[in-house]
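Data first, discussion second: the structure below is written as structure tokens.
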Amino acid sequence: MAIEEEVKKDLEGRFGGVLKASRVLRPRVVQVRIDRRDLLPIAKHLKATGFEHLSCISAVDWVTRFESVAHVTSWSRNCLVEIVAEIPHDNPKIDSLFGVWPGADFHEREAWDLMGITYTGHPNLERILLPRDFKYHPLRKDFPQEVDRQYVSRRKLGGG
Amino acid sequence: MAQAGEQHGDAMWINMGPQHPMTHGLWNLRVRVDGETVVEALPEIGYLHRGVEKIAEVREFHKVVVLTDRLCYVSSITWSHAYCLAVEELMGITDKIPARGRYLRVVSNELQRVASHLMWLAAYGPDIGLLTGLLWALRERELFLDLIQALTGQRMNQNYPRVGGVRNDIPATFPRDCEKVVRHFFKKLEEYESLFERNKTFRMRTEGVGVLSKEDAMAWGVTGPNLRASGVDYDLRKLDPYDAYAELKFEPAVARGGDTLARYLVRIEEMRTSCALVLEALKKIPAGPYRVKAPRRAEGQAFRRTEDARGEALFYVCGDGSDRPYRVKIRSPIFCTMSAVPTIMRGNKVADVISIMGSLDVCVGEMDK
């Protein structure tokens, strides 16, 4: 069995009830979609089965909800799992992965800084890229951007 | 928190930065020293934050390439290339990229990698008191920039990769020029080795300094040459091949020890590998088109990762069906390596901080986004 099918089957067998969706995106890549409360058990299981490297944590603002997307890599098994955790928009909190992969430190600080998602259990959740006294989370969709002045497409100039 | 210069018993905080020759850019490393020994280090970054991710949301997919070029000014092509791969995945045209385009991407990426490593070597020389290293490495970097200029028209910020392929074909004399430069460069690399490795001062300042163990490197998400210097044989060009890498023969450079010298050795070896890859790709390059027309709009989420000159670069791109990305997330390898700096620094001498930070190849542009 190919590695991605193997990992998908393992996750489905163990967390069948809590996975909202699971699919193979392409060779060596599996995607699972979960609710935020199920993040830590899945992360711990992945860590125990050879996924030793946390590639990235990305936060996305979908206006009705937030998503915290973790890309977890196993170098030794040559596979990557994309964990999409859904977070309600009015209560942007999720468990920190710092205890599982220390590399989550800067990623979560960045997601807090730019998107305003609180990672509970993070030892030092402070702003990292923006100044400490900055009051907003600029990557949120309600943070305005001067679209018209910054960028006018040729089509718009032509009236179309 | 204690202020810089304030003393606690025998320990003292020192600010190395934001304006310090060690930083190679603009960031601050706060180190707490007990006598000459570093007991704690805190990187402070964000001085160069330009909000690339936010600006990308109001530009069309194809026009973000101009921004990703400027993420890292010494390694533009590799960054734009990673972005284009992610957008192609999002648009579902990954399989449609013409073979010639894929080979041209390998050629441009590897030339850029050598130019980036030479820039690192040039900066690293003066860090440890070898000014000749700066002059020599910049001299050879110029040859590679000439090649890149012949290929793309620009020395820096080339704007070369495109969603769907590359911007233009190679000029007629390009393979011959490449061969000439590489042959010359291999000779010069031997000179570098005698200048650096056989220098007693260089070895004293690098051997056993700033050791990063395999376990720490993996736990903190260190990737690229810095990871391979810790004896881990992981290279995304090999493990998760993109473009034409699966069709080319090469072995990623690995060194043992995880110290500053090992990181130097890996990069030197990697320049050899990259040069060989360029020549091999130019030999095998098929004829045909080098770009396909990509759609304007895209919906969904996609990510791709590449082996950047500094490690694992990952782009996570979301689209909402319009002609602009809904969200672009950039995973910068140096941003992650920076979180391992406190671990690397602990127990080293304060004079070695410069040697260690230099060996990590920090690029503030991509770190602060």
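Each chain in the structure tokens gets a letter, A, B and so on, in the order shown; residues start at 1 in every chain, and ligands are counted from 1 in the order they appear.
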Rows by chain and residue number, chain A within 7 Å of chain B, shortest pair, only C-alpha atoms, as a Markdown table:
| residue | atom | partner | partner_atom | distance |
| --- | --- | --- | --- | --- |
| A:Glu52 | CA | B:Met218 | CA | 6.7 |
| A:His53 | CA | B:Met218 | CA | 5.9 |
| A:Leu54 | CA | B:Gly221 | CA | 6.2 |
| A:Ser55 | CA | B:Gly221 | CA | 6.7 |
| A:Cys56 | CA | B:Arg331 | CA | 6.2 |
| A:Ser58 | CA | B:Lys329 | CA | 6.3 |
| A:Val60 | CA | B:Arg327 | CA | 6.9 |
| A:Trp75 | CA | B:Tyr234 | CA | 6.9 |
| A:Asn78 | CA | B:Leu239 | CA | 6.6 |
| A:Trp101 | CA | B:Ala219 | CA | 5.9 |
| A:Pro102 | CA | B:Trp220 | CA | 5.5 |
| A:Gly103 | CA | B:Trp220 | CA | 3.9 |
| A:Phe106 | CA | B:Ser339 | CA | 6.3 |
| A:Ile128 | CA | B:Gly46 | CA | 6.5 |
| A:Leu129 | CA | B:Gly46 | CA | 3.9 |
| A:Leu130 | CA | B:Gly46 | CA | 6.1 |
| A:Leu139 | CA | B:Lys54 | CA | 6.1 |
| A:Val147 | CA | B:Val58 | CA | 6.5 |
(request) With a distance cut-off of 12 Å and only C-alpha atoms, select the neighbouring residues of stretch 4-21 of chain A, excluding the residue or stretch itself and same-chain residues fewer than 3 positions from it, and output the selection as a PyMOL selection string. (result) chain A and resi 1+24-46+49-51+73-74+77-86
Stretch 306-310 of chain B environment, 10 Å, only C-alpha atoms, sequence neighbours closer than 3 positions dropped, as an mmCIF file with N, CA and C atoms, in the first residue's frame:
data_model
loop_
_atom_site.group_PDB
_atom_site.id
_atom_site.type_symbol
_atom_site.label_atom_id
_atom_site.label_comp_id
_atom_site.auth_asym_id
_atom_site.auth_seq_id
_atom_site.Cartn_x
_atom_site.Cartn_y
_atom_site.Cartn_z
ATOM 1 N N VAL B 74 18.534 37.864 -2.360
ATOM 2 C CA VAL B 74 19.641 37.089 -2.929
ATOM 3 C C VAL B 74 19.158 35.767 -3.501
ATOM 4 N N SER B 75 17.885 35.466 -3.342
ATOM 5 C CA SER B 75 17.388 34.194 -3.857
ATOM 6 C C SER B 75 15.975 34.365 -4.404
ATOM 7 N N ILE B 77 14.541 33.898 -7.475
ATOM 8 C CA ILE B 77 13.899 32.943 -8.377
ATOM 9 C C ILE B 77 13.300 31.792 -7.592
ATOM 10 N N THR B 78 14.030 31.299 -6.580
ATOM 11 C CA THR B 78 13.527 30.142 -5.855
ATOM 12 C C THR B 78 12.222 30.470 -5.137
ATOM 13 N N TRP B 79 12.071 31.717 -4.678
ATOM 14 C CA TRP B 79 10.839 32.074 -3.966
ATOM 15 C C TRP B 79 9.660 32.210 -4.907
ATOM 16 N N HIS B 81 9.379 30.826 -7.704
ATOM 17 C CA HIS B 81 9.129 29.483 -8.218
ATOM 18 C C HIS B 81 8.224 28.708 -7.252
ATOM 19 N N ALA B 82 8.524 28.808 -5.950
ATOM 20 C CA ALA B 82 7.696 28.095 -4.963
ATOM 21 C C ALA B 82 6.256 28.600 -5.005
ATOM 22 N N TYR B 83 6.095 29.923 -5.139
ATOM 23 C CA TYR B 83 4.739 30.495 -5.214
ATOM 24 C C TYR B 83 4.007 29.977 -6.453
ATOM 25 N N LEU B 85 4.457 27.236 -8.110
ATOM 26 C CA LEU B 85 4.087 25.825 -7.935
ATOM 27 C C LEU B 85 2.786 25.711 -7.149
ATOM 28 N N ALA B 86 2.676 26.499 -6.064
ATOM 29 C CA ALA B 86 1.473 26.412 -5.230
ATOM 30 C C ALA B 86 0.244 26.872 -5.999
ATOM 31 N N ASN B 109 16.683 27.757 -10.958
ATOM 32 C CA ASN B 109 16.732 27.561 -9.513
ATOM 33 C C ASN B 109 18.135 27.240 -9.031
ATOM 34 N N GLU B 110 18.800 26.369 -9.760
ATOM 35 C CA GLU B 110 20.118 25.937 -9.293
ATOM 36 C C GLU B 110 21.152 27.049 -9.476
ATOM 37 N N GLN B 112 20.444 30.145 -9.206
ATOM 38 C CA GLN B 112 20.136 31.062 -8.109
ATOM 39 C C GLN B 112 20.666 30.528 -6.783
ATOM 40 N N ARG B 113 20.601 29.207 -6.629
ATOM 41 C CA ARG B 113 21.087 28.617 -5.387
ATOM 42 C C ARG B 113 22.589 28.850 -5.230
ATOM 43 N N VAL B 114 23.333 28.678 -6.321
ATOM 44 C CA VAL B 114 24.777 28.903 -6.250
ATOM 45 C C VAL B 114 25.043 30.372 -5.938
ATOM 46 N N ALA B 115 24.320 31.280 -6.609
ATOM 47 C CA ALA B 115 24.524 32.708 -6.364
ATOM 48 C C ALA B 115 24.212 33.043 -4.906
ATOM 49 N N SER B 116 23.167 32.413 -4.367
ATOM 50 C CA SER B 116 22.783 32.675 -2.975
ATOM 51 C C SER B 116 23.842 32.151 -2.006
ATOM 52 N N HIS B 117 24.335 30.935 -2.257
ATOM 53 C CA HIS B 117 25.364 30.377 -1.378
ATOM 54 C C HIS B 117 26.647 31.202 -1.461
ATOM 55 N N VAL B 222 14.191 23.021 11.919
ATOM 56 C CA VAL B 222 15.298 23.502 11.091
ATOM 57 C C VAL B 222 15.343 22.652 9.819
ATOM 58 N N THR B 223 15.535 23.296 8.674
ATOM 59 C CA THR B 223 15.554 22.563 7.407
ATOM 60 C C THR B 223 16.721 23.027 6.551
ATOM 61 N N GLY B 224 16.861 22.386 5.420
ATOM 62 C CA GLY B 224 17.849 22.824 4.435
ATOM 63 C C GLY B 224 19.275 22.468 4.817
ATOM 64 N N PRO B 225 20.229 23.266 4.332
ATOM 65 C CA PRO B 225 21.634 22.974 4.614
ATOM 66 C C PRO B 225 21.925 22.865 6.115
ATOM 67 N N ASN B 226 21.214 23.661 6.927
ATOM 68 C CA ASN B 226 21.465 23.612 8.364
ATOM 69 C C ASN B 226 21.075 22.260 8.954
ATOM 70 N N LEU B 227 20.009 21.658 8.425
ATOM 71 C CA LEU B 227 19.592 20.337 8.898
ATOM 72 C C LEU B 227 20.554 19.275 8.380
ATOM 73 N N TYR B 234 17.970 14.787 4.426
ATOM 74 C CA TYR B 234 16.644 15.120 3.931
ATOM 75 C C TYR B 234 16.705 16.317 2.992
ATOM 76 N N ASP B 235 16.297 16.088 1.773
ATOM 77 C CA ASP B 235 16.296 17.131 0.765
ATOM 78 C C ASP B 235 15.001 16.973 -0.021
ATOM 79 N N LEU B 236 14.185 18.002 -0.067
ATOM 80 C CA LEU B 236 12.876 17.884 -0.707
ATOM 81 C C LEU B 236 12.988 17.646 -2.208
ATOM 82 N N ARG B 237 14.099 18.063 -2.804
ATOM 83 C CA ARG B 237 14.272 17.795 -4.235
ATOM 84 C C ARG B 237 14.314 16.291 -4.473
ATOM 85 N N LYS B 238 14.757 15.563 -3.448
ATOM 86 C CA LYS B 238 14.882 14.119 -3.551
ATOM 87 C C LYS B 238 13.616 13.430 -3.011
ATOM 88 N N ASP B 240 10.445 14.721 -2.197
ATOM 89 C CA ASP B 240 9.148 15.077 -2.770
ATOM 90 C C ASP B 240 9.420 15.825 -4.072
ATOM 91 N N PRO B 241 9.922 15.119 -5.083
ATOM 92 C CA PRO B 241 10.464 15.814 -6.259
ATOM 93 C C PRO B 241 9.410 16.646 -6.982
ATOM 94 N N TYR B 242 9.806 17.832 -7.382
ATOM 95 C CA TYR B 242 8.944 18.696 -8.179
ATOM 96 C C TYR B 242 9.713 19.007 -9.458
ATOM 97 N N ASP B 243 9.058 19.643 -10.397
ATOM 98 C CA ASP B 243 9.691 19.959 -11.682
ATOM 99 C C ASP B 243 10.393 18.729 -12.257
ATOM 100 N N ARG B 267 27.288 23.647 2.393
ATOM 101 C CA ARG B 267 26.999 24.652 1.359
ATOM 102 C C ARG B 267 28.014 24.591 0.235
ATOM 103 N N GLU B 270 27.120 21.700 -1.785
ATOM 104 C CA GLU B 270 25.858 21.923 -2.486
ATOM 105 C C GLU B 270 26.074 22.768 -3.743
ATOM 106 N N ALA B 313 10.791 25.783 1.793
ATOM 107 C CA ALA B 313 9.879 26.900 1.559
ATOM 108 C C ALA B 313 8.515 26.325 1.240
ATOM 109 N N LEU B 314 7.476 26.835 1.904
ATOM 110 C CA LEU B 314 6.134 26.305 1.676
ATOM 111 C C LEU B 314 5.182 27.466 1.428
ATOM 112 N N PHE B 315 4.385 27.351 0.382
ATOM 113 C CA PHE B 315 3.341 28.337 0.123
ATOM 114 C C PHE B 315 1.994 27.663 0.289
ATOM 115 N N SER B 332 8.704 30.522 5.807
ATOM 116 C CA SER B 332 10.077 30.878 5.511
ATOM 117 C C SER B 332 11.011 30.004 6.330
ATOM 118 N N PRO B 333 11.979 29.350 5.683
ATOM 119 C CA PRO B 333 12.863 28.451 6.432
ATOM 120 C C PRO B 333 13.660 29.160 7.524
ATOM 121 N N ILE B 334 14.084 30.400 7.248
ATOM 122 C CA ILE B 334 14.920 31.064 8.238
ATOM 123 C C ILE B 334 14.096 31.505 9.445
ATOM 124 N N THR B 337 14.192 28.482 11.511
ATOM 125 C CA THR B 337 15.524 28.249 12.061
ATOM 126 C C THR B 337 15.798 29.211 13.208
ATOM 127 N N LEU B 360 24.359 30.264 9.786
ATOM 128 C CA LEU B 360 22.970 29.857 9.576
ATOM 129 C C LEU B 360 22.393 30.470 8.299
ATOM 130 N N ASP B 361 23.054 31.461 7.726
ATOM 131 C CA ASP B 361 22.609 32.099 6.488
ATOM 132 C C ASP B 361 21.249 32.784 6.671
ATOM 133 N N VAL B 362 21.247 33.813 7.492
ATOM 134 C CA VAL B 362 19.996 34.525 7.755
ATOM 135 C C VAL B 362 19.681 35.464 6.601
ATOM 136 N N CYS B 363 18.427 35.455 6.162
ATOM 137 C CA CYS B 363 17.974 36.444 5.183
ATOM 138 C C CYS B 363 16.763 37.133 5.788
#
Need the shell around stretch 109-115 of chain A: protein/DNA/RNA residues with any atom at most 9 Å away, counting only C-alpha atoms. Skip same-chain ones fewer than 4 positions apart. Format as an mmCIF file with C-alpha atoms, in the first residue's frame?
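Saved as around-v7.cif:
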data_model
loop_
_atom_site.group_PDB
_atom_site.id
_atom_site.type_symbol
_atom_site.label_atom_id
_atom_site.label_comp_id
_atom_site.auth_asym_id
_atom_site.auth_seq_id
_atom_site.Cartn_x
_atom_site.Cartn_y
_atom_site.Cartn_z
ATOM 1 C CA ILE A 57 0.960 26.467 10.786
ATOM 2 C CA SER A 58 -1.212 28.773 8.682
ATOM 3 C CA ALA A 59 -4.262 30.648 9.920
ATOM 4 C CA VAL A 60 -7.029 31.554 7.475
ATOM 5 C CA ASP A 61 -9.971 33.890 8.065
ATOM 6 C CA SER A 68 -5.689 26.740 11.605
ATOM 7 C CA ALA A 104 5.321 25.467 16.598
ATOM 8 C CA ASP A 105 6.583 28.310 18.787
ATOM 9 C CA TYR A 119 -3.115 29.209 21.083
ATOM 10 C CA HIS A 122 1.706 28.357 24.360
ATOM 11 C CA ASN A 124 5.051 32.909 25.339
ATOM 12 C CA LEU A 125 2.240 34.038 23.058
ATOM 13 C CA GLU A 126 3.494 37.515 22.171
ATOM 14 C CA ARG A 127 3.572 39.543 18.997
ATOM 15 C CA ILE A 128 6.520 38.596 16.857
ATOM 16 C CA LEU A 129 6.497 40.591 13.612
ATOM 17 C CA LEU A 130 4.532 43.683 14.620
ATOM 18 C CA TYR A 136 -4.992 45.019 15.441
ATOM 19 C CA HIS A 137 -4.584 41.694 13.700
ATOM 20 C CA PRO A 138 -4.002 42.858 10.134
ATOM 21 C CA LEU A 139 -4.515 39.627 8.200
ATOM 22 C CA ARG A 140 -8.154 39.441 9.271
#
(message) If DSSP is run on the backbone, what residues of chain A are alpha helix (DSSP H)? A reply as a ChimeraX atom specification would be ideal.
(response) /A:3-15,39-48,104-115,147-150,154-157
(message) According to DSSP computed on the backbone, where in stretch 66-313 of chain B is there strand (DSSP E)? Give the residues as a ChimeraX atom specification.
(response) /B:161-162,165-166,299-308,311-313
(request) Rank nothing, just name the residue among A:Pro123, A:Asp133, A:Phe143, A:Phe66 nearest to A:Gly99, using only C-alpha atoms. (result) A:Pro123
(request) May I ask which of the residues B:Asn157, B:Leu189, B:Val292, B:Arg203 is the closest one to B:Asp95, counting only C-alpha atoms? (result)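 Residue with the minimum atom-to-atom distance to B:Asp95: B:Val292.
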(message) Which residues are near B:Val166? Cut-off 9 Å, only C-alpha atoms, ignore same chain within fewer than 5 positions. Put them as number ranges by chain.
(response) B: 81, 101-102, 104-105, 160-161, 290-291
